[in-house]
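A quick write-up on the structure given underneath.
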Amino acid sequence: MVQHVAIVGAGLAGLACGVALTDAGLRVTLIEREERLGGRARSWTDATSGDVIDLGPHVLHSEYRNMLGFLERLGTRDLIHWQPDNLITLVDGERVVRLRHSPLPPPLSLLPDLVRGSRLPLRDLASNNRVTWRALRFREDDVPELDQFGALDYLRALGVSQPMIEWFWAFASLSVMNVPLERCSAAALLRVHSQLIGHRGLHFGFPAVGLAELFAPQAARVIDRVVLRAEVVAIEKGVVLADGTHIAADHVVSTLPPQHEIEPSPYVSVYLWFDRKLTRERFWALLGAEKRLNTDFYDLSNIRRGWGERPSIVASNIIYSHRAHRMSNEDIVAATQREIAQFAPQAAYARVTHAVINRIPMVIPCPVPGSESARPAPSATLAGDWTNTALPSSMESAVRSGLMAAEHVLRLAGRPRELALPMRPSDGLAGLVQKLPRAVPGRAWRTPPTARPRARP
Ligand SMILES: Cc1cc2nc3c(=O)[nH]c(=O)nc-3n(C[C@H](O)[C@H](O)[C@H](O)COP(=O)(O)OP(=O)(O)OC[C@H]3O[C@@H](n4cnc5c(N)ncnc54)[C@H](O)[C@@H]3O)c2cc1C
């Protein structure tokens with residue numbers, strides 16, 4: 001008999017799980033509380049402009065193997081606008097620093113541009129050596145030990161200098177981990193550092209259409225039954241909806257956000273339509289953004305397919321946005337316009353013809369000390385970006401968790417299959433260092449004496 005699986009939540013985790021199980025021959029019902037698919041990666045048509053916008057601008061990178069495989073399955077992988085030539089454009093006060101990969105092997109490929117761009121004395125750059133070595137040696141079984149430490153304490157204990165912390169790490173933590181450095185888990189930061197510096201030519205890409213247009217309608221066409229505007233209130237031999245309907249199922253996979261206490265990382269995402277073209281750049285970021293509002297900026301007129309001749313439409317994210325919560329939309333628009341002008345001076349003279357501000361209470365759970373060890377593994381009943389996928393909470397983690405949950409269900413249904421891909425091993429010198437044997441297996445870290453474990457949240 002064909003087994004029936006109910007999946008709760010139609011974000012990336014639920015959709016990826018649903019497509020994989022349908023492909024494997026199971027019957028799937030996907031149940032979503034909202035009126036549209038996509039969850040935190042949802043998109044809609046903005047009524048004023050007629051343009052499709054997302055909850056907030058998203059970026060993916062070339063090592064998102066599960067997400068890219070999912071798009072491949074749906075036939076939309078070519079709708080990513082890749083930026084292979086330029087990793088990232090950083091705005092450092094008056095200066096613009098472009099980070100590009102040199103031909104040096106990972107983890108050295110960005111070093112020439114970092115030396116030139118940071119203008120930091122060599123001793124500050126060299127103060128990163130120990131933490132880089134430890135990131136290269138990082139393995140998942142180091143997480144329980146490292147997760148007790150705050151990232152800032154840990155960097156200091158490893159000798160990273162204050163200028164290096166201010167120039168690089170404070171920015172990296174806020175923009176990649178979604179928390180200020182002093183709130184971040186050392187395990188979470190080191191894992192991501194190891195993944196980003198270990199892969200040859202890693203580069204970013206952006207959806208050339210609305211984000212959810214990459215996957216939501218295509219996935220819904222594959223899955224047998226999608227029920228929208230239906231809130232699941234109980235799981236009991238299937239699911240019970242808020243209106244009392246019972247949907248019987250052999251298996252139920254929940255992809256809901258964590259039900260235990262977490263600290264959410266809130267965002268305010270800003271979309272500004274300008275009356276003129278401001279830049280040909282696609283993506284840039286403000287260093288020192290923890291003292292300003294926005295961190296990352298995307299000129300969609302240079303990203304979206306067929307929008308090249310349009311005036312600029314700049315989307316940006318205010319990350320860990322508590323400092324913006326009391327501001328009015330008008331003040332956020334004015335401050336964002338000023339910040340865009342730091343990179344594209346024309347913005348100061350341009351007119352904002354339309355603005356959308358999305359206030360988002362939880363983008364991801366904050367990776368605070370203790371939180372990494374608390375992530376449960378994806379299972380036949382549980383998926384979601386926040387489960388333990390050995391990845392930061394992200395689109396890639398969501399898809400991977402959905403595929404891992406599908407693997408568990410298929411095993412129970414007697415049709416085992418391998419679906420989820422692990423992170424690729426590191427390349428170049430990074431790969432060699434990663435393979436070096438450990439003196440004491442499972443204990444790569446002699447805990448630096450001055451890093452104090454943080455209490456669990
Ligand atoms: C502004 C913003 C920017 C981001 N930037 C990036 C980025 O650049 N790169 C990146 O990789 N990731 C980014 N992310 C994170 C990424 O979007 C998420 O990690 C991912 O989409 C989470 O998918 P999910 O399926 O695990 O969870 P969700 O998308 O949250 O899906 C859960 C679904 O369950 C539904 N639901 C909840 N309760 C019920 C119920 N009782 N009954 C039925 N349905 C229910 C919800 O409505 C939702 O649709 C960003 C997120 C935001 C919001």
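Letters A, B, ... mark the chains of the structure tokens in the order given; residue numbers begin at 1 per chain; ligand numbers begin at 1, in order shown.
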Notebook entry, point to check: Residues within 7 Å of ligand 1 (only C-alpha atoms and all ligand atoms), as a PyMOL selection string?
Noted result: chain A and resi 8-14+31-34+37-41+55-60+230-233+255-257+267+269+317+360+362-364+383-386+393-398
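Look at Leu152 in chain A: the protein and nucleic acid residues within 9 Å of it, using only C-alpha atoms and passing over chain neighbours fewer than 2 places away, are A:Phe149, A:Gly150, A:Tyr154, A:Leu155, A:Arg156, A:Ala157, A:Ile165, A:Trp169, A:Ala170, A:Leu181, A:Glu182, A:Arg183, A:Cys184, A:Ser185, A:Ala186, A:Ala451.
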Checklist line | Arg65 in chain A environment, 12 Å, only C-alpha atoms, sequence neighbours closer than 6 positions dropped, as a PyMOL selection string | finding: chain A and resi 71-72+77+391+395-400+403+419-424
Output C-alpha atoms for every residue in that selection, as a PDB file, in the first residue's frame.
ATOM      1  CA  LEU A  71      16.448  23.768  -7.987  1.00  0.00           C
ATOM      2  CA  GLU A  72      17.956  21.378 -10.550  1.00  0.00           C
ATOM      3  CA  ARG A  77      18.826  26.216 -11.395  1.00  0.00           C
ATOM      4  CA  LEU A 391      25.139  24.010   8.637  1.00  0.00           C
ATOM      5  CA  MET A 395      18.091  27.939   2.918  1.00  0.00           C
ATOM      6  CA  GLU A 396      20.725  25.234   2.440  1.00  0.00           C
ATOM      7  CA  SER A 397      20.123  23.921   5.949  1.00  0.00           C
ATOM      8  CA  ALA A 398      16.336  23.948   5.382  1.00  0.00           C
ATOM      9  CA  VAL A 399      16.587  21.893   2.185  1.00  0.00           C
ATOM     10  CA  ARG A 400      19.150  19.529   3.688  1.00  0.00           C
ATOM     11  CA  LEU A 403      15.945  15.669   2.588  1.00  0.00           C
ATOM     12  CA  LEU A 419      19.118  12.104  -0.666  1.00  0.00           C
ATOM     13  CA  ALA A 420      20.920  14.713   1.481  1.00  0.00           C
ATOM     14  CA  LEU A 421      24.433  15.816   0.583  1.00  0.00           C
ATOM     15  CA  PRO A 422      27.009  16.727   3.244  1.00  0.00           C
ATOM     16  CA  MET A 423      29.228  19.797   2.863  1.00  0.00           C
ATOM     17  CA  ARG A 424      32.002  19.011   0.352  1.00  0.00           C
TER      18      ARG A 424
END
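Of the listed residues (A:Arg27, A:Arg139, A:Arg292, A:Arg36), A:Arg139 comes nearest to Lys435 in chain A; the distances count only C-alpha atoms.
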Margin query: Please list as an MDAnalysis selection string every residue within 7 Å of Ser43 in chain A, counting only C-alpha atoms and excluding residues in the same chain fewer than 4 positions away.
Written below: chainID A and resid 52:55 210:212
Check: Out of range 168-331 of chain A, which residues get strand (DSSP E) from DSSP, as a ChimeraX atom specification?
Finding: /A:204-207,225-227,232-235,238-241,246-248,251-254,264-274,283-286,296-299,313-319
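Across A:Thr245, A:Asn128, A:Gln259, A:Ser173, the tightest approach to Gly288 in chain A is made by A:Ser173 when counting only C-alpha atoms.
Considering the residues A:Ile318, A:Leu108, A:Ala216, A:Ala413 and counting only C-alpha atoms, Leu15 in chain A has its shortest atom-to-atom contact with A:Ala216.
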Checklist line | Who sits within 12 Å of Gly117 in chain A, only C-alpha atoms, same chain under 2 positions skipped, as number ranges by chain | finding: A: 88-92, 95-100, 110-115, 119-121, 125, 167-168, 287
Which residues in range 190-399 of chain A does DSSP call alpha helix (DSSP H)? List them as a PDB file with N, CA, C and O atoms, in the first residue's frame.
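Output below, filename selection18.pdb:
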ATOM      1  N   LEU A 190      33.120  29.341  14.047  1.00  0.00           N
ATOM      2  CA  LEU A 190      34.241  28.579  13.472  1.00  0.00           C
ATOM      3  C   LEU A 190      33.770  27.652  12.353  1.00  0.00           C
ATOM      4  O   LEU A 190      34.453  27.485  11.351  1.00  0.00           O
ATOM      5  N   ARG A 191      32.606  27.053  12.532  1.00  0.00           N
ATOM      6  CA  ARG A 191      32.089  26.155  11.496  1.00  0.00           C
ATOM      7  C   ARG A 191      31.928  26.911  10.174  1.00  0.00           C
ATOM      8  O   ARG A 191      32.369  26.480   9.117  1.00  0.00           O
ATOM      9  N   VAL A 192      31.282  28.078  10.262  1.00  0.00           N
ATOM     10  CA  VAL A 192      31.030  28.837   9.034  1.00  0.00           C
ATOM     11  C   VAL A 192      32.338  29.348   8.444  1.00  0.00           C
ATOM     12  O   VAL A 192      32.545  29.316   7.227  1.00  0.00           O
ATOM     13  N   HIS A 193      33.255  29.777   9.306  1.00  0.00           N
ATOM     14  CA  HIS A 193      34.548  30.265   8.820  1.00  0.00           C
ATOM     15  C   HIS A 193      35.236  29.138   8.053  1.00  0.00           C
ATOM     16  O   HIS A 193      35.745  29.339   6.942  1.00  0.00           O
ATOM     17  N   SER A 194      35.208  27.947   8.631  1.00  0.00           N
ATOM     18  CA  SER A 194      35.864  26.809   7.991  1.00  0.00           C
ATOM     19  C   SER A 194      35.214  26.508   6.637  1.00  0.00           C
ATOM     20  O   SER A 194      35.888  26.219   5.655  1.00  0.00           O
ATOM     21  N   GLN A 195      33.892  26.607   6.565  1.00  0.00           N
ATOM     22  CA  GLN A 195      33.212  26.288   5.303  1.00  0.00           C
ATOM     23  C   GLN A 195      33.486  27.354   4.236  1.00  0.00           C
ATOM     24  O   GLN A 195      33.637  27.040   3.057  1.00  0.00           O
ATOM     25  N   LEU A 196      33.578  28.613   4.653  1.00  0.00           N
ATOM     26  CA  LEU A 196      33.745  29.689   3.661  1.00  0.00           C
ATOM     27  C   LEU A 196      35.176  29.805   3.150  1.00  0.00           C
ATOM     28  O   LEU A 196      35.392  30.158   1.997  1.00  0.00           O
ATOM     29  N   ILE A 197      36.173  29.526   4.012  1.00  0.00           N
ATOM     30  CA  ILE A 197      37.557  29.701   3.541  1.00  0.00           C
ATOM     31  C   ILE A 197      38.111  28.429   2.909  1.00  0.00           C
ATOM     32  O   ILE A 197      39.170  28.441   2.317  1.00  0.00           O
ATOM     33  N   ALA A 216       8.624  27.494  -5.362  1.00  0.00           N
ATOM     34  CA  ALA A 216       7.310  27.207  -4.761  1.00  0.00           C
ATOM     35  C   ALA A 216       6.286  26.665  -5.768  1.00  0.00           C
ATOM     36  O   ALA A 216       5.730  25.579  -5.548  1.00  0.00           O
ATOM     37  N   PRO A 217       6.015  27.355  -6.884  1.00  0.00           N
ATOM     38  CA  PRO A 217       4.982  26.798  -7.778  1.00  0.00           C
ATOM     39  C   PRO A 217       5.402  25.463  -8.374  1.00  0.00           C
ATOM     40  O   PRO A 217       4.580  24.559  -8.515  1.00  0.00           O
ATOM     41  N   GLN A 218       6.707  25.323  -8.663  1.00  0.00           N
ATOM     42  CA  GLN A 218       7.186  24.070  -9.272  1.00  0.00           C
ATOM     43  C   GLN A 218       7.029  22.912  -8.296  1.00  0.00           C
ATOM     44  O   GLN A 218       6.598  21.820  -8.658  1.00  0.00           O
ATOM     45  N   ALA A 219       7.402  23.146  -7.019  1.00  0.00           N
ATOM     46  CA  ALA A 219       7.302  22.069  -6.026  1.00  0.00           C
ATOM     47  C   ALA A 219       5.832  21.708  -5.790  1.00  0.00           C
ATOM     48  O   ALA A 219       5.487  20.531  -5.664  1.00  0.00           O
ATOM     49  N   ALA A 220       4.969  22.725  -5.746  1.00  0.00           N
ATOM     50  CA  ALA A 220       3.542  22.458  -5.494  1.00  0.00           C
ATOM     51  C   ALA A 220       2.942  21.618  -6.622  1.00  0.00           C
ATOM     52  O   ALA A 220       2.033  20.823  -6.391  1.00  0.00           O
ATOM     53  N   ARG A 221       3.468  21.791  -7.847  1.00  0.00           N
ATOM     54  CA  ARG A 221       2.945  20.982  -8.960  1.00  0.00           C
ATOM     55  C   ARG A 221       3.345  19.514  -8.821  1.00  0.00           C
ATOM     56  O   ARG A 221       2.636  18.630  -9.261  1.00  0.00           O
ATOM     57  N   VAL A 222       4.509  19.258  -8.177  1.00  0.00           N
ATOM     58  CA  VAL A 222       4.974  17.872  -8.019  1.00  0.00           C
ATOM     59  C   VAL A 222       4.181  17.162  -6.925  1.00  0.00           C
ATOM     60  O   VAL A 222       3.783  16.009  -7.070  1.00  0.00           O
ATOM     61  N   ASN A 329       8.801  54.108   9.748  1.00  0.00           N
ATOM     62  CA  ASN A 329       9.194  53.712   8.387  1.00  0.00           C
ATOM     63  C   ASN A 329       9.884  54.861   7.666  1.00  0.00           C
ATOM     64  O   ASN A 329      10.870  54.658   6.946  1.00  0.00           O
ATOM     65  N   GLU A 330       9.389  56.100   7.877  1.00  0.00           N
ATOM     66  CA  GLU A 330       9.974  57.265   7.188  1.00  0.00           C
ATOM     67  C   GLU A 330      11.437  57.440   7.608  1.00  0.00           C
ATOM     68  O   GLU A 330      12.321  57.693   6.782  1.00  0.00           O
ATOM     69  N   ASP A 331      11.702  57.279   8.899  1.00  0.00           N
ATOM     70  CA  ASP A 331      13.093  57.436   9.373  1.00  0.00           C
ATOM     71  C   ASP A 331      13.987  56.320   8.831  1.00  0.00           C
ATOM     72  O   ASP A 331      15.155  56.556   8.508  1.00  0.00           O
ATOM     73  N   ILE A 332      13.429  55.109   8.741  1.00  0.00           N
ATOM     74  CA  ILE A 332      14.227  53.999   8.201  1.00  0.00           C
ATOM     75  C   ILE A 332      14.550  54.265   6.728  1.00  0.00           C
ATOM     76  O   ILE A 332      15.680  54.061   6.276  1.00  0.00           O
ATOM     77  N   VAL A 333      13.573  54.756   5.983  1.00  0.00           N
ATOM     78  CA  VAL A 333      13.815  55.045   4.557  1.00  0.00           C
ATOM     79  C   VAL A 333      14.906  56.104   4.427  1.00  0.00           C
ATOM     80  O   VAL A 333      15.855  55.953   3.649  1.00  0.00           O
ATOM     81  N   ALA A 334      14.801  57.173   5.219  1.00  0.00           N
ATOM     82  CA  ALA A 334      15.783  58.268   5.107  1.00  0.00           C
ATOM     83  C   ALA A 334      17.189  57.772   5.477  1.00  0.00           C
ATOM     84  O   ALA A 334      18.172  58.063   4.774  1.00  0.00           O
ATOM     85  N   ALA A 335      17.293  56.999   6.546  1.00  0.00           N
ATOM     86  CA  ALA A 335      18.615  56.505   6.972  1.00  0.00           C
ATOM     87  C   ALA A 335      19.180  55.526   5.942  1.00  0.00           C
ATOM     88  O   ALA A 335      20.378  55.533   5.647  1.00  0.00           O
ATOM     89  N   THR A 336      18.307  54.699   5.376  1.00  0.00           N
ATOM     90  CA  THR A 336      18.772  53.722   4.374  1.00  0.00           C
ATOM     91  C   THR A 336      19.252  54.453   3.124  1.00  0.00           C
ATOM     92  O   THR A 336      20.281  54.097   2.533  1.00  0.00           O
ATOM     93  N   GLN A 337      18.527  55.489   2.725  1.00  0.00           N
ATOM     94  CA  GLN A 337      18.954  56.258   1.544  1.00  0.00           C
ATOM     95  C   GLN A 337      20.339  56.861   1.780  1.00  0.00           C
ATOM     96  O   GLN A 337      21.204  56.833   0.913  1.00  0.00           O
ATOM     97  N   ARG A 338      20.577  57.363   2.985  1.00  0.00           N
ATOM     98  CA  ARG A 338      21.902  57.926   3.314  1.00  0.00           C
ATOM     99  C   ARG A 338      22.970  56.837   3.255  1.00  0.00           C
ATOM    100  O   ARG A 338      24.069  57.058   2.769  1.00  0.00           O
ATOM    101  N   GLU A 339      22.619  55.643   3.735  1.00  0.00           N
ATOM    102  CA  GLU A 339      23.616  54.563   3.729  1.00  0.00           C
ATOM    103  C   GLU A 339      23.900  54.073   2.310  1.00  0.00           C
ATOM    104  O   GLU A 339      25.028  53.715   1.989  1.00  0.00           O
ATOM    105  N   ILE A 340      22.876  54.070   1.470  1.00  0.00           N
ATOM    106  CA  ILE A 340      23.117  53.689   0.066  1.00  0.00           C
ATOM    107  C   ILE A 340      24.048  54.720  -0.578  1.00  0.00           C
ATOM    108  O   ILE A 340      24.948  54.378  -1.360  1.00  0.00           O
ATOM    109  N   ALA A 341      23.865  55.997  -0.207  1.00  0.00           N
ATOM    110  CA  ALA A 341      24.699  57.059  -0.794  1.00  0.00           C
ATOM    111  C   ALA A 341      26.168  56.931  -0.399  1.00  0.00           C
ATOM    112  O   ALA A 341      27.046  57.471  -1.083  1.00  0.00           O
ATOM    113  N   GLN A 342      26.463  56.206   0.668  1.00  0.00           N
ATOM    114  CA  GLN A 342      27.882  56.002   1.021  1.00  0.00           C
ATOM    115  C   GLN A 342      28.598  55.212  -0.057  1.00  0.00           C
ATOM    116  O   GLN A 342      29.792  55.341  -0.252  1.00  0.00           O
ATOM    117  N   PHE A 343      27.844  54.351  -0.756  1.00  0.00           N
ATOM    118  CA  PHE A 343      28.456  53.593  -1.847  1.00  0.00           C
ATOM    119  C   PHE A 343      28.115  54.213  -3.204  1.00  0.00           C
ATOM    120  O   PHE A 343      28.959  54.309  -4.091  1.00  0.00           O
ATOM    121  N   MET A 395      18.860  28.677   3.930  1.00  0.00           N
ATOM    122  CA  MET A 395      18.091  27.939   2.918  1.00  0.00           C
ATOM    123  C   MET A 395      18.716  26.562   2.687  1.00  0.00           C
ATOM    124  O   MET A 395      18.011  25.563   2.538  1.00  0.00           O
ATOM    125  N   GLU A 396      20.046  26.513   2.666  1.00  0.00           N
ATOM    126  CA  GLU A 396      20.725  25.234   2.440  1.00  0.00           C
ATOM    127  C   GLU A 396      20.417  24.256   3.579  1.00  0.00           C
ATOM    128  O   GLU A 396      20.174  23.074   3.356  1.00  0.00           O
ATOM    129  N   SER A 397      20.423  24.771   4.804  1.00  0.00           N
ATOM    130  CA  SER A 397      20.123  23.921   5.949  1.00  0.00           C
ATOM    131  C   SER A 397      18.667  23.438   5.882  1.00  0.00           C
ATOM    132  O   SER A 397      18.370  22.277   6.188  1.00  0.00           O
ATOM    133  N   ALA A 398      17.755  24.328   5.472  1.00  0.00           N
ATOM    134  CA  ALA A 398      16.336  23.948   5.382  1.00  0.00           C
ATOM    135  C   ALA A 398      16.161  22.802   4.386  1.00  0.00           C
ATOM    136  O   ALA A 398      15.516  21.791   4.685  1.00  0.00           O
ATOM    137  N   VAL A 399      16.755  22.939   3.206  1.00  0.00           N
ATOM    138  CA  VAL A 399      16.587  21.893   2.185  1.00  0.00           C
ATOM    139  C   VAL A 399      17.256  20.602   2.654  1.00  0.00           C
ATOM    140  O   VAL A 399      16.686  19.514   2.549  1.00  0.00           O
TER     141      VAL A 399
END
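When only C-alpha atoms are used to compute distances to Arg417 in chain A, the closest of the residues A:Met67, A:Val209, A:Ala405, A:Ala430 turns out to be A:Ala405.
Proximity ranking of A:Pro258, A:Trp307, A:Leu214, A:Pro84 relative to Thr387 in chain A places A:Pro258 first, based on only C-alpha atoms.
Look at Trp82 in chain A: the protein and nucleic acid residues within 10 Å of it, using only C-alpha atoms and passing over chain neighbours fewer than 3 places away, are Val59, Leu60, His61, Ser62, Asp78, Leu79, Asp85, Asn86, His203, Phe204, Gly205, Phe206, Pro207, Ala208 and Ile303 of chain A.
Residues with any atom within 8 Å of Val239 in chain A, counting only C-alpha atoms and excluding same-chain neighbours fewer than 5 positions away, are Ala6, Val232, Val233, Ala234, His246, Ile247, Ala248, Ala249 and Val252 of chain A.
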Could the residues in this selection be written to a file with all heavy atoms, as a compact mmCIF listing (two decimals), in the first residue's frame?
# COMPACT_ATOMS: atom_id res chain seq x y z
N ALA A 6 2.00 13.33 5.91
CA ALA A 6 1.56 14.72 6.06
C ALA A 6 2.77 15.55 6.46
O ALA A 6 3.50 15.17 7.39
CB ALA A 6 0.47 14.81 7.13
N VAL A 232 -2.16 23.72 11.55
CA VAL A 232 -2.13 22.45 12.26
C VAL A 232 -2.08 22.75 13.76
O VAL A 232 -1.22 23.52 14.21
CB VAL A 232 -0.91 21.60 11.83
CG1 VAL A 232 -0.76 20.37 12.73
CG2 VAL A 232 -1.05 21.19 10.37
N VAL A 233 -3.01 22.15 14.52
CA VAL A 233 -3.04 22.41 15.97
C VAL A 233 -2.65 21.19 16.78
O VAL A 233 -2.36 21.29 17.97
CB VAL A 233 -4.41 22.96 16.45
CG1 VAL A 233 -4.66 24.36 15.91
CG2 VAL A 233 -5.55 22.03 16.05
N ALA A 234 -2.66 20.01 16.16
CA ALA A 234 -2.25 18.79 16.88
C ALA A 234 -1.79 17.74 15.89
O ALA A 234 -2.20 17.75 14.72
CB ALA A 234 -3.43 18.26 17.70
N HIS A 246 -9.55 16.37 10.49
CA HIS A 246 -8.45 15.42 10.75
C HIS A 246 -7.95 14.88 9.42
O HIS A 246 -8.74 14.41 8.59
CB HIS A 246 -8.94 14.28 11.64
CG HIS A 246 -7.85 13.31 11.97
ND1 HIS A 246 -7.82 12.02 11.51
CD2 HIS A 246 -6.71 13.45 12.69
CE1 HIS A 246 -6.73 11.40 11.94
NE2 HIS A 246 -6.04 12.26 12.65
N ILE A 247 -6.65 14.99 9.19
CA ILE A 247 -6.08 14.39 7.99
C ILE A 247 -5.24 13.20 8.45
O ILE A 247 -4.22 13.38 9.14
CB ILE A 247 -5.21 15.40 7.21
CG1 ILE A 247 -6.05 16.61 6.77
CG2 ILE A 247 -4.54 14.74 6.00
CD1 ILE A 247 -5.27 17.71 6.06
N ALA A 248 -5.70 11.99 8.14
CA ALA A 248 -4.99 10.77 8.59
C ALA A 248 -3.71 10.60 7.76
O ALA A 248 -3.68 10.93 6.57
CB ALA A 248 -5.90 9.57 8.41
N ALA A 249 -2.65 10.14 8.41
CA ALA A 249 -1.39 9.90 7.69
C ALA A 249 -0.58 8.85 8.43
O ALA A 249 -0.69 8.70 9.64
CB ALA A 249 -0.60 11.21 7.58
N VAL A 252 4.05 11.86 9.98
CA VAL A 252 3.89 13.32 9.99
C VAL A 252 5.27 13.94 10.19
O VAL A 252 5.97 13.61 11.14
CB VAL A 252 2.96 13.80 11.13
CG1 VAL A 252 2.84 15.32 11.11
CG2 VAL A 252 1.59 13.15 11.01
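For the set A:Leu21, A:Arg229, A:Asp46, A:Val409, the residue with the smallest atom-to-atom gap to Leu241 in chain A is A:Arg229, counting only C-alpha atoms.
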